[in-house]
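Chemist: Submitted below is the structure of interest, expressed as structure tokens.
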Amino acid sequence: MSVGRALSPNAQNVNWLLANFTDNDVFVEQTIAVSSDGLLMAASSSQDRASDDRLAAVVSGLRSLAEGGARVMGKGSVNQVIVEMDHGYLFVTAVSDGSVLGVLTTRDADLAAVGYETTLLVDRIGALLTPAIVAELKGGLGS
């Protein structure tokens, strides 16, 4: 994802973590971070911004729907949602600050491995996300 200005080391680290996660798993096609207000913060690749924003909207909507369902059923917070599609999977995983991570994979992905690695990535990114870093990431996205 291109940026309009230089980012702080922590913001750069978030971008690097997403890109590295995607680049090191042949089955992961795209990874995005979405803020608690549903806006794209960072993406693993240089897809066009409109595609990244659409994926962010889907990820945010799934998280919201799952949270609403969990409340109605009295089951607590949602940690992860996995959507199975004909040609892939979408993992939607909560980050501690209310943000969410979206991981799009191929159909051949090892779900247990991707789920585990996603949990590790969430822990790493969650440790970096302060309100200032979230604002910086959102402000630094190229259009």
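Ligands are numbered from 1 in the order shown, chains are lettered A, B, ... in the order of the structure tokens, and residues start at 1 in each chain.
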Using the chain letters and numbers from this document, which residues of stretch 6-103 of chain A does DSSP assign to strand (DSSP E or B), as a PyMOL selection string?

Modeler: chain A and resi 28-34+40-43+80-85+88-94+100-103

Chemist: Mind writing the picked residues with C-alpha atoms as a CSV table (one decimal), in the first residue's frame?

Modeler:
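This is the output file out-v4.csv:
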chain,number,residue,atom,x,y,z
A,28,VAL,CA,-2.9,-16.2,1.8
A,29,GLU,CA,-3.9,-13.8,-1.0
A,30,GLN,CA,-4.6,-10.6,1.0
A,31,THR,CA,-4.5,-9.3,4.5
A,32,ILE,CA,-6.0,-6.0,5.7
A,33,ALA,CA,-6.4,-4.2,9.0
A,34,VAL,CA,-9.6,-2.3,9.6
A,40,LEU,CA,-9.2,0.6,6.2
A,41,MET,CA,-5.9,1.1,8.1
A,42,ALA,CA,-3.4,-1.0,6.2
A,43,ALA,CA,-3.2,-3.6,3.5
A,80,GLN,CA,-13.0,-15.0,14.9
A,81,VAL,CA,-15.4,-15.5,12.0
A,82,ILE,CA,-14.5,-17.8,9.0
A,83,VAL,CA,-16.4,-17.6,5.8
A,84,GLU,CA,-16.2,-20.5,3.5
A,85,MET,CA,-16.6,-19.7,-0.2
A,88,GLY,CA,-11.4,-19.5,-0.8
A,89,TYR,CA,-11.9,-18.5,2.8
A,90,LEU,CA,-12.1,-15.2,4.6
A,91,PHE,CA,-10.9,-15.0,8.2
A,92,VAL,CA,-12.2,-12.0,10.3
A,93,THR,CA,-10.3,-11.8,13.6
A,94,ALA,CA,-10.8,-9.3,16.4
A,100,VAL,CA,-10.2,-6.2,13.0
A,101,LEU,CA,-7.9,-8.2,10.7
A,102,GLY,CA,-9.2,-9.7,7.4
A,103,VAL,CA,-7.3,-12.6,5.8

Chemist: Tell me which protein, DNA and RNA residues are within 10 Å of A:Ala57, counting only C-alpha atoms, leaving out same-chain ones fewer than 4 positions away, and put them as number ranges by chain.

Modeler: A: 34, 38-40, 51-53, 61-63

Chemist: Store the residues of this selection in a file with N, CA and C atoms, as a PDB file, in the first residue's frame.

Modeler:
ATOM      1  N   VAL A  34      -8.488  -3.242   9.667  1.00  0.00           N
ATOM      2  CA  VAL A  34      -9.619  -2.319   9.623  1.00  0.00           C
ATOM      3  C   VAL A  34      -9.813  -1.752  11.028  1.00  0.00           C
ATOM      4  N   GLY A  38     -14.525   0.929  11.150  1.00  0.00           N
ATOM      5  CA  GLY A  38     -14.793   0.287   9.871  1.00  0.00           C
ATOM      6  C   GLY A  38     -13.963   0.775   8.705  1.00  0.00           C
ATOM      7  N   LEU A  39     -12.956   1.604   8.962  1.00  0.00           N
ATOM      8  CA  LEU A  39     -12.143   2.145   7.870  1.00  0.00           C
ATOM      9  C   LEU A  39     -10.838   1.378   7.711  1.00  0.00           C
ATOM     10  N   LEU A  40     -10.418   1.225   6.468  1.00  0.00           N
ATOM     11  CA  LEU A  40      -9.160   0.561   6.158  1.00  0.00           C
ATOM     12  C   LEU A  40      -7.996   1.307   6.810  1.00  0.00           C
ATOM     13  N   SER A  51     -10.602  -1.659  -4.221  1.00  0.00           N
ATOM     14  CA  SER A  51     -10.728  -3.080  -3.848  1.00  0.00           C
ATOM     15  C   SER A  51     -10.445  -3.283  -2.366  1.00  0.00           C
ATOM     16  N   ASP A  52      -9.420  -2.607  -1.865  1.00  0.00           N
ATOM     17  CA  ASP A  52      -9.103  -2.710  -0.441  1.00  0.00           C
ATOM     18  C   ASP A  52     -10.244  -2.159   0.412  1.00  0.00           C
ATOM     19  N   ASP A  53     -10.834  -1.041  -0.007  1.00  0.00           N
ATOM     20  CA  ASP A  53     -11.950  -0.457   0.743  1.00  0.00           C
ATOM     21  C   ASP A  53     -13.174  -1.367   0.735  1.00  0.00           C
ATOM     22  N   GLY A  61     -18.426  -5.347   8.187  1.00  0.00           N
ATOM     23  CA  GLY A  61     -19.818  -5.791   8.263  1.00  0.00           C
ATOM     24  C   GLY A  61     -19.960  -7.169   8.887  1.00  0.00           C
ATOM     25  N   LEU A  62     -19.079  -8.092   8.514  1.00  0.00           N
ATOM     26  CA  LEU A  62     -19.130  -9.434   9.104  1.00  0.00           C
ATOM     27  C   LEU A  62     -18.862  -9.387  10.602  1.00  0.00           C
ATOM     28  N   ARG A  63     -17.901  -8.575  10.995  1.00  0.00           N
ATOM     29  CA  ARG A  63     -17.598  -8.442  12.419  1.00  0.00           C
ATOM     30  C   ARG A  63     -18.801  -7.895  13.171  1.00  0.00           C
TER      31      ARG A  63
END

Chemist: Using only C-alpha atoms, can you tell me which of A:Val78, A:Ala132, A:Leu18, A:Ala6 comes closest to A:Leu65?

Modeler: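 Nearest to A:Leu65: A:Val78.
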
Chemist: Would you please give, as a VMD selection string, all residues of stretch 42-140 of chain A that DSSP assigns to helix (DSSP H, G or I) based on the backbone?

Modeler: chain A and resid 49 to 73 111 to 128 131 to 140

Chemist: How would the residues just picked look written out with C-alpha atoms as an mmCIF file, in the first residue's frame?

Modeler:
data_model
loop_
_atom_site.group_PDB
_atom_site.id
_atom_site.type_symbol
_atom_site.label_atom_id
_atom_site.label_comp_id
_atom_site.auth_asym_id
_atom_site.auth_seq_id
_atom_site.Cartn_x
_atom_site.Cartn_y
_atom_site.Cartn_z
ATOM 1 C CA ARG A 49 -7.614 1.341 -3.067
ATOM 2 C CA ALA A 50 -11.219 0.718 -4.139
ATOM 3 C CA SER A 51 -10.728 -3.080 -3.848
ATOM 4 C CA ASP A 52 -9.103 -2.710 -0.441
ATOM 5 C CA ASP A 53 -11.950 -0.457 0.743
ATOM 6 C CA ARG A 54 -14.566 -2.974 -0.452
ATOM 7 C CA LEU A 55 -12.810 -5.790 1.413
ATOM 8 C CA ALA A 56 -12.613 -3.558 4.505
ATOM 9 C CA ALA A 57 -16.367 -2.935 4.294
ATOM 10 C CA VAL A 58 -17.061 -6.683 4.051
ATOM 11 C CA VAL A 59 -14.750 -7.449 6.990
ATOM 12 C CA SER A 60 -16.282 -4.691 9.109
ATOM 13 C CA GLY A 61 -19.818 -5.791 8.263
ATOM 14 C CA LEU A 62 -19.130 -9.434 9.104
ATOM 15 C CA ARG A 63 -17.598 -8.442 12.419
ATOM 16 C CA SER A 64 -20.576 -6.248 13.270
ATOM 17 C CA LEU A 65 -23.088 -8.940 12.324
ATOM 18 C CA ALA A 66 -21.234 -11.593 14.328
ATOM 19 C CA GLU A 67 -20.975 -9.302 17.381
ATOM 20 C CA GLY A 68 -24.715 -8.601 17.201
ATOM 21 C CA GLY A 69 -25.489 -12.300 16.996
ATOM 22 C CA ALA A 70 -23.207 -13.085 19.927
ATOM 23 C CA ARG A 71 -24.949 -10.428 22.035
ATOM 24 C CA VAL A 72 -28.414 -11.799 21.198
ATOM 25 C CA MET A 73 -27.284 -15.312 22.137
ATOM 26 C CA LEU A 111 -7.438 -23.618 8.057
ATOM 27 C CA ALA A 112 -5.785 -24.618 11.317
ATOM 28 C CA ALA A 113 -2.420 -23.201 10.258
ATOM 29 C CA VAL A 114 -3.888 -19.952 8.909
ATOM 30 C CA GLY A 115 -6.027 -19.549 12.023
ATOM 31 C CA TYR A 116 -3.030 -20.059 14.287
ATOM 32 C CA GLU A 117 -0.782 -17.711 12.302
ATOM 33 C CA THR A 118 -3.565 -15.118 12.189
ATOM 34 C CA THR A 119 -3.841 -15.252 15.983
ATOM 35 C CA LEU A 120 -0.094 -14.635 16.286
ATOM 36 C CA LEU A 121 -0.340 -11.735 13.819
ATOM 37 C CA VAL A 122 -3.234 -10.215 15.770
ATOM 38 C CA ASP A 123 -1.151 -10.343 18.956
ATOM 39 C CA ARG A 124 1.772 -8.601 17.240
ATOM 40 C CA ILE A 125 -0.343 -5.914 15.606
ATOM 41 C CA GLY A 126 -2.499 -5.391 18.684
ATOM 42 C CA ALA A 127 0.606 -4.535 20.689
ATOM 43 C CA LEU A 128 1.398 -1.721 18.227
ATOM 44 C CA PRO A 131 -5.087 5.592 18.876
ATOM 45 C CA ALA A 132 -2.244 7.676 17.420
ATOM 46 C CA ILE A 133 -0.951 4.786 15.261
ATOM 47 C CA VAL A 134 -4.478 3.981 14.033
ATOM 48 C CA ALA A 135 -4.968 7.626 12.986
ATOM 49 C CA GLU A 136 -1.536 7.704 11.360
ATOM 50 C CA LEU A 137 -2.196 4.510 9.385
ATOM 51 C CA LYS A 138 -5.575 5.736 8.144
ATOM 52 C CA GLY A 139 -4.101 9.125 7.232
ATOM 53 C CA GLY A 140 -1.108 7.584 5.486
#
